[in-house]
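These notes concern the structure reproduced below.
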Amino acid sequence: MPRPVTVAAALLALTGLALAAPETIIDTDFGAPGRAFEIIDAAKGNRIVGSLPEGWSDNSGWKSDVVAEYRTTTEDGRTFLRITQTSGDGLQFMHDLPGIGKGGGYYRLTVTARGRTGCSLALRFNGPPYTSPWTASPATGDEWRDFSYDFRLPEQPQPLGLYCYLPANGSLDLQSLKLVRLSDEDLIAEVKAKYPEGGQGNLLRTTRFPLGLQSGWSIAREYSDGDQVQVHTDAQVIGPSGCPALRIDAPLGITIYGEPFLVPWSFEPHVASVYVRGNWDGRLVAIGGQVEYCGECPIPIDTTEWQRVQVAFKPILLARSHSLMFEGRGTLWIDGLQVERGAEASPYAPRRAAEVSLALPESDASAARVQFDDEPAEVRFCAVGAPAGSALVGRLVTIYGDEVALAPVALDEGFVSAGMLTYAPVAEHPLGPYRIEAWVEDGAGKRISPENEVVLYRLHRPRHWDEDAPDSFFGTHTLSTTRHLTMAKAIGCNWVRLHDAGTEYIGWSFLEPEQGKWQFRDGDLKRYRDHHLKILGLLSTSPGWASNWGKPCTGYFERYMEPLRMDDWANAVRTIVDHHRDLIDTYEVWNEPWGSAFWSLTFDEKHGSAWQEHFIPSETAPRDYARLQATAYEAAHGTMPEVTIVGFNTYASPEGAKWTRGVLDAGGLDTCDAISYHHYETALTGMPGDAVEKGYASAMAPITEQQGQVPKPVWMSEGAPLSGDPSNGFYRHTLPYENDEDAWRIADRLVRYVISRHSTGEKHAFLYTMHGHSTFGGRMDWSTLITADGYLHPSAAAHSACAWFVEDTRFVRLVSLAEGVFGYLFEGPDRAVAAITTAPGHADYALPASADVQYFDLFGNPVAAGSAIDDHVHYVTTDEGLAALEAALSAR
């Protein structure tokens with residue numbers, strides 16, 4: 001039977017229980033006979049044939065060169081629909097949903113599917129602007145799996161359809177799909193059946209802070225830890241709980257997200273409480289779902305005496321999790337948190353008698369929860385409230401499924417007992433994500449504390465850890481915070497691009513909001529450089545006074561309106577380049593000017609229905625951009641001759657090729673030092689002719705047609721493999737719901753994407769983004785390398801291994817090793833590397849035996865010669881040169 005997988009998009013985590021009276025909207029058995037159809041469009045090159053069940057129809061007519069078939073198939077006693085696409089790189093089919101968006105409501109969608117090509121599901125407007133109020137990306141693979149998505153849909157302004165999209169040539173097998181609407185009564189009945197006691201006592205796992213913020217807690221993305229803000233245990237201040245209190249120093253402000261917690265009876269009122277003291281102006285907020293506010297109370301205090309504040313809140317019905325959020329500025333101590341059912345706070349009591357806190361000892365990358373493989377394998381602990389005779393008990397868990405019991409530690413007598421846990425890295429898997437779990441047992445062996453955990457990453461120290469690496473291929477997007485810059489550098493990134501994550505540090509609209517009045521963010525930029533991260537600055541955005549916006553900019557897209565006067569623009573470029581000459585020597589001109597809302601000339605509230613549709617581009621947008629680029633090029637080089645200006649900013653698609661052509665025809669190739677483009681991809685990559693290879697060729701096609709080659713370096717300045725929601729990572733006890741994330745799949749697809757990118761000959765690639773985080777319980781879109789709390793995702797460990805193997809190498813060629821098995825060959829001064837990838841349905845392949853080479857898996861752990869590879873990336877390396885590597889690979 002398929003393995004159940006529950007992935008809640010915004011809310012709910014209850015499946016498989018009896019419903020009172022759900023309304024069935026779709027209930028499709030794809031194995032049943034369907035209605036035959038044939039779509040032949042010779043002009044577009046489309047040939048789509050087959051049959052689909054009642055209510056479903058192909059919706060690929062907007063594409064070209066689509067060749068596909070929908071065919072009912074039986075294998076191993078299971079009858080299902082196989083969708084196969086052999087041309088066109090993208091296929092879509094849909095089911096109308098009349099009336100579904102009226103009044104909003106709760107919905108449950110279940111689907112049984114398989115296929116490594118993957119797919120995405122969306123409830124989408126049937127008409128412009130074709131927005132999707134809800135989306136999901138089932139982590140389909142070679143085996144059948146059940147997926148269940150529960151979500152709340154607000155009332156919608158126009159009719160919706162359910163759309164299924166295949167991102168590339170390949171196949172998808174579907175057995176069934178069901179969509180039902182659930183009433184409040186249905187949901188409450190489910191909750192009472194699952195949680196008959198309704199959640200008693202303190203719902204929080206961690207209520208005290210003897211070792212600082214614990215797993216699940218996080219500082220909001222804008223605030224740099226250790227300099228802008230300080231959050232740490234204050235051993236000199238004992239709180240009402242009897243434990244050292246947490247001290248927060250934030251003279252300019254801070255937001256802190258608390259651990260996620262489950263509210264079982266979310267249809268009843270709850271109350272959160274905490275002890276506070278200090279000089280603080282802020283508030284305590286209860287949030288749930290997609291960071292939706294449920295209640296708040298102000299915290300305006302100036303006292304050295306402890307006070308208890310509480311916030312009554314109305315939970316979000318069946319949200320996957322809720323959280324507390326502290327906002328404010330000043331100095332605040334907190335202790336003794338509690339969340340409980342009811343309208344008033346009861347006397348403080350932890351969930352269980354004892355609690356455990358865990359933290360990494362200070363080391364080079366401990367701010368990122370990284371321990372390099374040349375550092376001691378240790379974790380700090382502190383147990384609170386354990387009676388005499390108690391012991392700290394724990395285990396080490398790896399992403400491979402290894403579980404190693406840690407030696408119990410006898411706890412000191414007294415209310416607080418602290419020490420160091422020593423663990424031995426698993427011999428077969430010394431690198432990658434590790435989870436240390438710990439709890440307290442009394443003298444009789446009974447657990448008397450909740451389980452706590454810390455997820456850490458044991459990685460190779462990067463090849464350029466403590467130095468600049470201007471030629472490095474590896475880049476990312478992240479805000480300037482100590483923890484995230486440490487994370488980026490620790491996993492092998494050596495460049496950052498300042499768009500979204502950093503626009504406020506470098507964008508013209510932020511730096512000169514009033515004409516002639518400049519304000520700079522040198523401290524934030526210097527923090528990047530202090531971490532030896534090279535900066536790709538952005539010459540982008542316009543102040544309202546310089547564009548048709550005509551007033552101060554307070555939102556997002558109005559900053560991307562064209563500057564009206566090139567003299568103003570040239571002055572801005574000269575000022576920005578000159579001021580930052582000691583920090584930044586490379587700039588890209590604008591961001592995504594091919595997207596109308598990022599490159600508009602006028603604003604009209606009557607144009608379109610969505611906000612960004614009100615921004616209207618010029619009829620000569622590519623030519624206008626070429627003029628902007630030329631002005632920036634001349635002004636920047638006139639100010640700083642050695643500066644690098646990256647232009648075009650096109651994208652990987654046939655429409656992107658049109659933008660490339662427009663800028664090229666306007667002389668754009670003469671006014672840039674390098675060419676950039678963007679590429680987001682949902683398809684499986686890492687194969688000959690994959691979407692990365694095609695996307696590069698498409699974006700650069702007008703240039704290669706005119707020049708015979710691309711005569712300047714190419715930078716992929718923004719993109720990512722959109723291969724699943726990375727929210728949950730390797731967490732277990734931190735989450736108040738089951739972690740069904742396929743972290744291996746996300747990690748593998750990330751590395752495939754990076755390896756394939758490198759093979760195009762691009763000079764740099766910038767993954768987007770490491771700043772899209774807040775807290776758990778909702779879906780994370782447009783985020784890479786991190787989890788919902790902003791700490792590293794297992795894919796970051798795979799990125800670390802990839803960077804370790806191919807940094808300082810050049811791509812040589814792609815070879816076929818067996819049917820559907822490929823080797824991307826790289827060569828550098830001290831090593832040759834093969835990154836081995838596979839296609840769906842590949843032949844069996846065993847790593848060849850040779851004394852001259854070494855073998856490693858996705859996370860950089862050793863693999864024995866002769867081992868059969870699985871579907872994930874592997875590496876073969878040698879210090880004997882490329883010829884020795886190729887000889888070893890061919891000796892089978």
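By order of appearance in the structure tokens: chains A, B, ..., then residues from 1 within every chain, and ligands from 1 in the order shown.
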Residue neighbourhood stretch 621-632 of chain A, 6 Å, only C-alpha atoms, exclusion window fewer than 4 positions, as a list in words =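 Counting only the stated atoms, we get Ala636, Gly662, Val663, Ala666, Gly668 and Thr671 of chain A.
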Find the spatial neighbours of stretch 528-542 of chain A, counting only C-alpha atoms, within a cut-off of 8 Å - ignore same-chain residues fewer than 6 positions away - and output them as a count of residues only.
-> 38
Would you mind reading off the distance between atom CA of A:Thr660 and atom CA of A:Ala43, one decimal, in Å?
->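 Atom CA of A:Ala43 lies 24.2 Å from atom CA of A:Thr660.
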Skipping near chain neighbours, those fewer than 5 positions away, what residues fall within 12 Å of A:Leu203 using only C-alpha atoms, listed as a PyMOL selection string?
-> chain A and resi 198+259-265+270-273+321-324+337-341+348-352+450+736
Write a file of the just-selected residues containing N, CA and C atoms, as a PDB file, in the first residue's frame.
```pdb
ATOM      1  N   GLY A 198      -8.629  17.216  25.126  1.00  0.00           N
ATOM      2  CA  GLY A 198      -8.614  18.623  24.741  1.00  0.00           C
ATOM      3  C   GLY A 198      -7.338  19.378  24.990  1.00  0.00           C
ATOM      4  N   GLU A 259       8.638  28.751  19.993  1.00  0.00           N
ATOM      5  CA  GLU A 259       8.510  27.402  19.460  1.00  0.00           C
ATOM      6  C   GLU A 259       7.081  27.151  18.977  1.00  0.00           C
ATOM      7  N   PRO A 260       6.909  26.310  17.946  1.00  0.00           N
ATOM      8  CA  PRO A 260       5.559  25.955  17.523  1.00  0.00           C
ATOM      9  C   PRO A 260       4.917  25.022  18.534  1.00  0.00           C
ATOM     10  N   PHE A 261       3.626  25.208  18.766  1.00  0.00           N
ATOM     11  CA  PHE A 261       2.928  24.310  19.684  1.00  0.00           C
ATOM     12  C   PHE A 261       1.557  23.965  19.118  1.00  0.00           C
ATOM     13  N   LEU A 262       1.066  22.817  19.515  1.00  0.00           N
ATOM     14  CA  LEU A 262      -0.234  22.347  19.065  1.00  0.00           C
ATOM     15  C   LEU A 262      -1.322  22.847  20.011  1.00  0.00           C
ATOM     16  N   VAL A 263      -2.403  23.341  19.437  1.00  0.00           N
ATOM     17  CA  VAL A 263      -3.602  23.674  20.210  1.00  0.00           C
ATOM     18  C   VAL A 263      -4.669  22.644  19.814  1.00  0.00           C
ATOM     19  N   PRO A 264      -4.821  21.578  20.592  1.00  0.00           N
ATOM     20  CA  PRO A 264      -5.744  20.515  20.171  1.00  0.00           C
ATOM     21  C   PRO A 264      -7.176  21.010  19.971  1.00  0.00           C
ATOM     22  N   TRP A 265      -7.728  21.668  20.996  1.00  0.00           N
ATOM     23  CA  TRP A 265      -9.098  22.163  20.869  1.00  0.00           C
ATOM     24  C   TRP A 265      -9.042  23.630  20.428  1.00  0.00           C
ATOM     25  N   HIS A 270      -7.977  30.279  24.424  1.00  0.00           N
ATOM     26  CA  HIS A 270      -6.748  29.918  25.124  1.00  0.00           C
ATOM     27  C   HIS A 270      -6.082  31.192  25.641  1.00  0.00           C
ATOM     28  N   VAL A 271      -5.110  30.990  26.511  1.00  0.00           N
ATOM     29  CA  VAL A 271      -4.407  32.138  27.076  1.00  0.00           C
ATOM     30  C   VAL A 271      -2.923  31.799  27.192  1.00  0.00           C
ATOM     31  N   ALA A 272      -2.081  32.766  26.848  1.00  0.00           N
ATOM     32  CA  ALA A 272      -0.631  32.636  27.001  1.00  0.00           C
ATOM     33  C   ALA A 272      -0.168  33.612  28.068  1.00  0.00           C
ATOM     34  N   SER A 273       0.825  33.207  28.850  1.00  0.00           N
ATOM     35  CA  SER A 273       1.335  34.072  29.912  1.00  0.00           C
ATOM     36  C   SER A 273       2.844  33.934  30.012  1.00  0.00           C
ATOM     37  N   SER A 321      -0.032  24.492  13.715  1.00  0.00           N
ATOM     38  CA  SER A 321       0.665  24.922  14.921  1.00  0.00           C
ATOM     39  C   SER A 321       0.360  26.379  15.194  1.00  0.00           C
ATOM     40  N   HIS A 322       0.630  26.781  16.410  1.00  0.00           N
ATOM     41  CA  HIS A 322       0.575  28.177  16.823  1.00  0.00           C
ATOM     42  C   HIS A 322       1.936  28.542  17.418  1.00  0.00           C
ATOM     43  N   SER A 323       2.119  29.824  17.674  1.00  0.00           N
ATOM     44  CA  SER A 323       3.387  30.295  18.226  1.00  0.00           C
ATOM     45  C   SER A 323       3.142  31.570  19.002  1.00  0.00           C
ATOM     46  N   LEU A 324       4.084  31.918  19.836  1.00  0.00           N
ATOM     47  CA  LEU A 324       4.094  33.240  20.468  1.00  0.00           C
ATOM     48  C   LEU A 324       5.146  34.096  19.778  1.00  0.00           C
ATOM     49  N   LEU A 337       7.148  30.664  30.669  1.00  0.00           N
ATOM     50  CA  LEU A 337       6.086  30.761  29.667  1.00  0.00           C
ATOM     51  C   LEU A 337       5.029  29.688  29.910  1.00  0.00           C
ATOM     52  N   GLN A 338       3.825  30.020  29.504  1.00  0.00           N
ATOM     53  CA  GLN A 338       2.732  29.053  29.640  1.00  0.00           C
ATOM     54  C   GLN A 338       1.661  29.355  28.604  1.00  0.00           C
ATOM     55  N   VAL A 339       1.130  28.299  27.998  1.00  0.00           N
ATOM     56  CA  VAL A 339      -0.039  28.398  27.119  1.00  0.00           C
ATOM     57  C   VAL A 339      -1.003  27.315  27.559  1.00  0.00           C
ATOM     58  N   GLU A 340      -2.276  27.694  27.739  1.00  0.00           N
ATOM     59  CA  GLU A 340      -3.247  26.729  28.248  1.00  0.00           C
ATOM     60  C   GLU A 340      -4.641  27.053  27.729  1.00  0.00           C
ATOM     61  N   ARG A 341      -5.503  26.079  27.868  1.00  0.00           N
ATOM     62  CA  ARG A 341      -6.902  26.268  27.494  1.00  0.00           C
ATOM     63  C   ARG A 341      -7.603  27.065  28.582  1.00  0.00           C
ATOM     64  N   TYR A 348       1.786  29.350  37.083  1.00  0.00           N
ATOM     65  CA  TYR A 348       2.764  28.761  36.163  1.00  0.00           C
ATOM     66  C   TYR A 348       3.165  27.358  36.600  1.00  0.00           C
ATOM     67  N   ALA A 349       3.213  26.456  35.624  1.00  0.00           N
ATOM     68  CA  ALA A 349       3.733  25.109  35.847  1.00  0.00           C
ATOM     69  C   ALA A 349       4.229  24.582  34.511  1.00  0.00           C
ATOM     70  N   PRO A 350       5.429  23.995  34.451  1.00  0.00           N
ATOM     71  CA  PRO A 350       5.899  23.414  33.190  1.00  0.00           C
ATOM     72  C   PRO A 350       5.060  22.200  32.814  1.00  0.00           C
ATOM     73  N   ARG A 351       5.198  21.753  31.583  1.00  0.00           N
ATOM     74  CA  ARG A 351       4.413  20.600  31.128  1.00  0.00           C
ATOM     75  C   ARG A 351       4.695  19.378  31.983  1.00  0.00           C
ATOM     76  N   ARG A 352       5.994  19.150  32.300  1.00  0.00           N
ATOM     77  CA  ARG A 352       6.385  18.046  33.156  1.00  0.00           C
ATOM     78  C   ARG A 352       7.365  18.584  34.185  1.00  0.00           C
ATOM     79  N   PRO A 450       9.796  16.628  28.873  1.00  0.00           N
ATOM     80  CA  PRO A 450       9.573  16.504  27.427  1.00  0.00           C
ATOM     81  C   PRO A 450      10.909  16.235  26.734  1.00  0.00           C
ATOM     82  N   PRO A 736       5.014  20.130  16.359  1.00  0.00           N
ATOM     83  CA  PRO A 736       3.846  19.529  17.008  1.00  0.00           C
ATOM     84  C   PRO A 736       2.988  18.729  16.038  1.00  0.00           C
TER      85      PRO A 736
END
```
Leaving out A:Glu413 and any residue of its chain fewer than 5 positions from it, which residues lie within 10 Å of it when counting only C-alpha atoms, given as a PDB file with C-alpha atoms, in the first residue's frame?
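part17.pdb, written as the output of this step:
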```
ATOM      1  CA  GLY A 385      13.824  20.660  37.922  1.00  0.00           C
ATOM      2  CA  ALA A 386      15.230  17.117  37.968  1.00  0.00           C
ATOM      3  CA  PRO A 387      15.065  15.361  41.385  1.00  0.00           C
ATOM      4  CA  ALA A 388      18.047  13.647  42.976  1.00  0.00           C
ATOM      5  CA  GLY A 389      19.056  10.425  41.241  1.00  0.00           C
ATOM      6  CA  SER A 390      17.940  11.589  37.803  1.00  0.00           C
TER       7      SER A 390
END
```
Give me every strand (DSSP E) residue in stretch 303-402 of chain A, going by DSSP on the backbone, as number ranges by chain.
-> A: 303-313, 322-341, 355-359, 370-372, 378-384, 391-398
